[in-house]
Amino acid sequence: MTEQKIKTLFLYEDTADSSCFFELEGDYSHLNNVYINGTDSTDAQQAELTELLLKDEKPYFKLPKLEQPTRDWAHFVKCGFLA
């Protein structure tokens with residue numbers, strides 16, 4: 001029997017009209033409701049989210065965007081960037 005890995009599904013919201021899904025191995029549930037430039041999360045949480053998902057050059061995302069959400073995740077995180 002193979003060991004199932006814990007995954008986190010991210011819903012990343014950039015603007016009201018732009019959002020995408022990413023998936024990472026591990027438990028990142030502590031990043032739920034963390035928004036870069038937001039006031040409801042710590043600088044450390046925003047820095048961690050940035051390090052995990054973003055880079056300085058195009059394409060700006062480190063991970064491939066998912067066409068649709070997967071079904072094999074254990075944790076869900078809603079996060080993003082506030083302009």
# chains A, B, ... in the order shown; residues from 1 in each chain; ligands from 1
call {"tool": "residues_around", "arguments": {"residues": "stretch 37-54 of chain A", "least_positions_apart": "5", "cutoff": "12 Å", "atoms": "only C-alpha atoms", "output": "ChimeraX atom specification"}}
result
/A:10-12,14,20-26,28-32,59-65,77-83
call {"tool": "write_last_selection", "arguments": {"atoms": "N, CA and C atoms", "output": "compact mmCIF listing (two decimals), in the first residue's frame"}}
result
# COMPACT_ATOMS: atom_id res chain seq x y z
N PHE A 10 -4.46 25.60 -2.91
CA PHE A 10 -4.49 27.05 -2.76
C PHE A 10 -5.44 27.66 -3.78
N LEU A 11 -6.32 28.52 -3.34
CA LEU A 11 -7.09 29.40 -4.22
C LEU A 11 -6.45 30.77 -4.06
N TYR A 12 -5.73 31.20 -5.09
CA TYR A 12 -5.00 32.47 -5.06
C TYR A 12 -5.82 33.51 -5.81
N ASP A 14 -6.12 37.34 -7.11
CA ASP A 14 -5.28 38.49 -7.44
C ASP A 14 -6.11 39.77 -7.53
N CYS A 20 -6.73 31.71 -9.34
CA CYS A 20 -6.21 30.47 -9.88
C CYS A 20 -5.94 29.50 -8.73
N PHE A 21 -5.77 28.24 -9.08
CA PHE A 21 -5.51 27.20 -8.10
C PHE A 21 -4.09 26.69 -8.24
N PHE A 22 -3.49 26.36 -7.09
CA PHE A 22 -2.18 25.72 -7.01
C PHE A 22 -2.28 24.60 -5.99
N GLU A 23 -1.36 23.66 -6.08
CA GLU A 23 -1.32 22.57 -5.12
C GLU A 23 0.12 22.36 -4.67
N LEU A 24 0.31 22.19 -3.36
CA LEU A 24 1.62 21.93 -2.79
C LEU A 24 1.54 20.77 -1.81
N GLU A 25 2.57 19.95 -1.77
CA GLU A 25 2.65 18.91 -0.76
C GLU A 25 2.90 19.56 0.59
N GLY A 26 2.22 19.06 1.60
CA GLY A 26 2.40 19.56 2.96
C GLY A 26 1.16 20.26 3.48
N TYR A 28 -0.22 23.63 4.69
CA TYR A 28 -0.03 25.08 4.70
C TYR A 28 -1.29 25.79 5.18
N SER A 29 -2.10 25.10 5.99
CA SER A 29 -3.36 25.67 6.44
C SER A 29 -3.17 26.95 7.26
N HIS A 30 -1.99 27.15 7.83
CA HIS A 30 -1.73 28.39 8.59
C HIS A 30 -1.68 29.62 7.69
N LEU A 31 -1.67 29.42 6.37
CA LEU A 31 -1.66 30.55 5.42
C LEU A 31 -3.06 30.89 4.91
N ASN A 32 -4.08 30.26 5.47
CA ASN A 32 -5.44 30.57 5.05
C ASN A 32 -5.77 32.02 5.39
N PRO A 59 6.82 34.21 -16.03
CA PRO A 59 5.54 34.22 -15.32
C PRO A 59 5.79 34.34 -13.82
N TYR A 60 4.95 35.07 -13.13
CA TYR A 60 5.17 35.43 -11.73
C TYR A 60 4.95 34.28 -10.75
N PHE A 61 4.32 33.21 -11.19
CA PHE A 61 4.05 32.10 -10.29
C PHE A 61 5.11 31.01 -10.44
N LYS A 62 5.59 30.49 -9.33
CA LYS A 62 6.58 29.41 -9.33
C LYS A 62 5.95 28.07 -9.69
N LEU A 63 4.70 27.90 -9.33
CA LEU A 63 4.01 26.62 -9.53
C LEU A 63 3.10 26.69 -10.75
N PRO A 64 2.88 25.56 -11.40
CA PRO A 64 1.92 25.57 -12.50
C PRO A 64 0.50 25.77 -11.99
N LYS A 65 -0.23 26.61 -12.70
CA LYS A 65 -1.65 26.79 -12.36
C LYS A 65 -2.42 25.54 -12.73
N VAL A 77 -6.54 26.48 1.31
CA VAL A 77 -6.09 27.82 1.68
C VAL A 77 -6.60 28.82 0.65
N LYS A 78 -7.29 29.84 1.13
CA LYS A 78 -7.71 30.96 0.30
C LYS A 78 -6.77 32.11 0.62
N CYS A 79 -6.10 32.63 -0.41
CA CYS A 79 -5.07 33.65 -0.17
C CYS A 79 -4.97 34.52 -1.42
N GLY A 80 -4.01 35.44 -1.44
CA GLY A 80 -3.84 36.24 -2.64
C GLY A 80 -3.08 37.51 -2.42
N PHE A 81 -3.33 38.46 -3.31
CA PHE A 81 -2.64 39.75 -3.34
C PHE A 81 -3.68 40.86 -3.37
N LEU A 82 -3.55 41.81 -2.46
CA LEU A 82 -4.44 42.97 -2.46
C LEU A 82 -3.71 44.15 -3.08
N ALA A 83 -4.33 44.74 -4.10
CA ALA A 83 -3.70 45.88 -4.79
C ALA A 83 -3.88 47.15 -3.99
call {"tool": "select_by_dssp", "arguments": {"residues": "chain A", "states": "strand (DSSP E)", "output": "PyMOL selection string"}}
result
chain A and resi 7-15+18-25+35-36+75-81
call {"tool": "write_last_selection", "arguments": {"atoms": "N, CA and C atoms", "output": "PDB file, in the first residue's frame"}}
result
ATOM      1  N   LYS A   7      -1.591  17.114   1.023  1.00  0.00           N
ATOM      2  CA  LYS A   7      -1.485  18.228   0.076  1.00  0.00           C
ATOM      3  C   LYS A   7      -2.383  19.374   0.522  1.00  0.00           C
ATOM      4  N   THR A   8      -1.988  20.574   0.108  1.00  0.00           N
ATOM      5  CA  THR A   8      -2.786  21.769   0.335  1.00  0.00           C
ATOM      6  C   THR A   8      -3.180  22.341  -1.017  1.00  0.00           C
ATOM      7  N   LEU A   9      -4.458  22.616  -1.177  1.00  0.00           N
ATOM      8  CA  LEU A   9      -4.968  23.279  -2.371  1.00  0.00           C
ATOM      9  C   LEU A   9      -5.078  24.767  -2.064  1.00  0.00           C
ATOM     10  N   PHE A  10      -4.462  25.598  -2.908  1.00  0.00           N
ATOM     11  CA  PHE A  10      -4.491  27.051  -2.756  1.00  0.00           C
ATOM     12  C   PHE A  10      -5.436  27.656  -3.778  1.00  0.00           C
ATOM     13  N   LEU A  11      -6.321  28.522  -3.337  1.00  0.00           N
ATOM     14  CA  LEU A  11      -7.087  29.398  -4.218  1.00  0.00           C
ATOM     15  C   LEU A  11      -6.451  30.769  -4.062  1.00  0.00           C
ATOM     16  N   TYR A  12      -5.725  31.199  -5.090  1.00  0.00           N
ATOM     17  CA  TYR A  12      -5.005  32.466  -5.063  1.00  0.00           C
ATOM     18  C   TYR A  12      -5.822  33.510  -5.806  1.00  0.00           C
ATOM     19  N   GLU A  13      -6.211  34.563  -5.099  1.00  0.00           N
ATOM     20  CA  GLU A  13      -7.017  35.635  -5.680  1.00  0.00           C
ATOM     21  C   GLU A  13      -6.143  36.866  -5.881  1.00  0.00           C
ATOM     22  N   ASP A  14      -6.122  37.340  -7.114  1.00  0.00           N
ATOM     23  CA  ASP A  14      -5.281  38.489  -7.444  1.00  0.00           C
ATOM     24  C   ASP A  14      -6.113  39.768  -7.534  1.00  0.00           C
ATOM     25  N   THR A  15      -7.214  39.700  -8.213  1.00  0.00           N
ATOM     26  CA  THR A  15      -8.179  40.802  -8.305  1.00  0.00           C
ATOM     27  C   THR A  15      -9.560  40.168  -8.252  1.00  0.00           C
ATOM     28  N   SER A  18      -9.698  37.788 -11.169  1.00  0.00           N
ATOM     29  CA  SER A  18      -8.595  36.891 -11.450  1.00  0.00           C
ATOM     30  C   SER A  18      -8.288  36.000 -10.244  1.00  0.00           C
ATOM     31  N   SER A  19      -8.385  34.713 -10.447  1.00  0.00           N
ATOM     32  CA  SER A  19      -8.013  33.759  -9.407  1.00  0.00           C
ATOM     33  C   SER A  19      -7.519  32.486 -10.084  1.00  0.00           C
ATOM     34  N   CYS A  20      -6.734  31.711  -9.338  1.00  0.00           N
ATOM     35  CA  CYS A  20      -6.209  30.465  -9.877  1.00  0.00           C
ATOM     36  C   CYS A  20      -5.941  29.499  -8.727  1.00  0.00           C
ATOM     37  N   PHE A  21      -5.774  28.242  -9.083  1.00  0.00           N
ATOM     38  CA  PHE A  21      -5.515  27.199  -8.103  1.00  0.00           C
ATOM     39  C   PHE A  21      -4.086  26.690  -8.241  1.00  0.00           C
ATOM     40  N   PHE A  22      -3.489  26.363  -7.089  1.00  0.00           N
ATOM     41  CA  PHE A  22      -2.180  25.719  -7.011  1.00  0.00           C
ATOM     42  C   PHE A  22      -2.277  24.595  -5.991  1.00  0.00           C
ATOM     43  N   GLU A  23      -1.358  23.656  -6.085  1.00  0.00           N
ATOM     44  CA  GLU A  23      -1.317  22.571  -5.119  1.00  0.00           C
ATOM     45  C   GLU A  23       0.123  22.364  -4.670  1.00  0.00           C
ATOM     46  N   LEU A  24       0.306  22.191  -3.360  1.00  0.00           N
ATOM     47  CA  LEU A  24       1.624  21.929  -2.788  1.00  0.00           C
ATOM     48  C   LEU A  24       1.538  20.772  -1.806  1.00  0.00           C
ATOM     49  N   GLU A  25       2.567  19.953  -1.769  1.00  0.00           N
ATOM     50  CA  GLU A  25       2.648  18.913  -0.758  1.00  0.00           C
ATOM     51  C   GLU A  25       2.898  19.559   0.589  1.00  0.00           C
ATOM     52  N   TYR A  35      -3.211  37.550   2.795  1.00  0.00           N
ATOM     53  CA  TYR A  35      -3.189  38.337   1.564  1.00  0.00           C
ATOM     54  C   TYR A  35      -1.991  39.275   1.600  1.00  0.00           C
ATOM     55  N   ILE A  36      -1.176  39.187   0.568  1.00  0.00           N
ATOM     56  CA  ILE A  36      -0.023  40.066   0.451  1.00  0.00           C
ATOM     57  C   ILE A  36      -0.550  41.493   0.336  1.00  0.00           C
ATOM     58  N   HIS A  75      -5.957  19.972   2.914  1.00  0.00           N
ATOM     59  CA  HIS A  75      -6.104  21.329   3.450  1.00  0.00           C
ATOM     60  C   HIS A  75      -6.420  22.287   2.301  1.00  0.00           C
ATOM     61  N   PHE A  76      -7.205  23.302   2.619  1.00  0.00           N
ATOM     62  CA  PHE A  76      -7.587  24.324   1.638  1.00  0.00           C
ATOM     63  C   PHE A  76      -7.175  25.682   2.163  1.00  0.00           C
ATOM     64  N   VAL A  77      -6.544  26.480   1.306  1.00  0.00           N
ATOM     65  CA  VAL A  77      -6.088  27.820   1.679  1.00  0.00           C
ATOM     66  C   VAL A  77      -6.605  28.817   0.650  1.00  0.00           C
ATOM     67  N   LYS A  78      -7.290  29.837   1.133  1.00  0.00           N
ATOM     68  CA  LYS A  78      -7.714  30.956   0.299  1.00  0.00           C
ATOM     69  C   LYS A  78      -6.770  32.110   0.624  1.00  0.00           C
ATOM     70  N   CYS A  79      -6.096  32.627  -0.406  1.00  0.00           N
ATOM     71  CA  CYS A  79      -5.074  33.650  -0.174  1.00  0.00           C
ATOM     72  C   CYS A  79      -4.972  34.522  -1.419  1.00  0.00           C
ATOM     73  N   GLY A  80      -4.006  35.440  -1.441  1.00  0.00           N
ATOM     74  CA  GLY A  80      -3.837  36.238  -2.636  1.00  0.00           C
ATOM     75  C   GLY A  80      -3.080  37.515  -2.419  1.00  0.00           C
ATOM     76  N   PHE A  81      -3.330  38.463  -3.311  1.00  0.00           N
ATOM     77  CA  PHE A  81      -2.639  39.747  -3.339  1.00  0.00           C
ATOM     78  C   PHE A  81      -3.684  40.860  -3.368  1.00  0.00           C
TER      79      PHE A  81
END
call {"tool": "select_by_dssp", "arguments": {"residues": "stretch 13-81 of chain A", "states": "alpha helix (DSSP H)", "output": "count of residues only"}}
result
11
call {"tool": "atom_distance", "arguments": {"atom1": "atom CA of A:Asp17", "atom2": "atom CA of A:Arg71"}}
result
23.6 Å
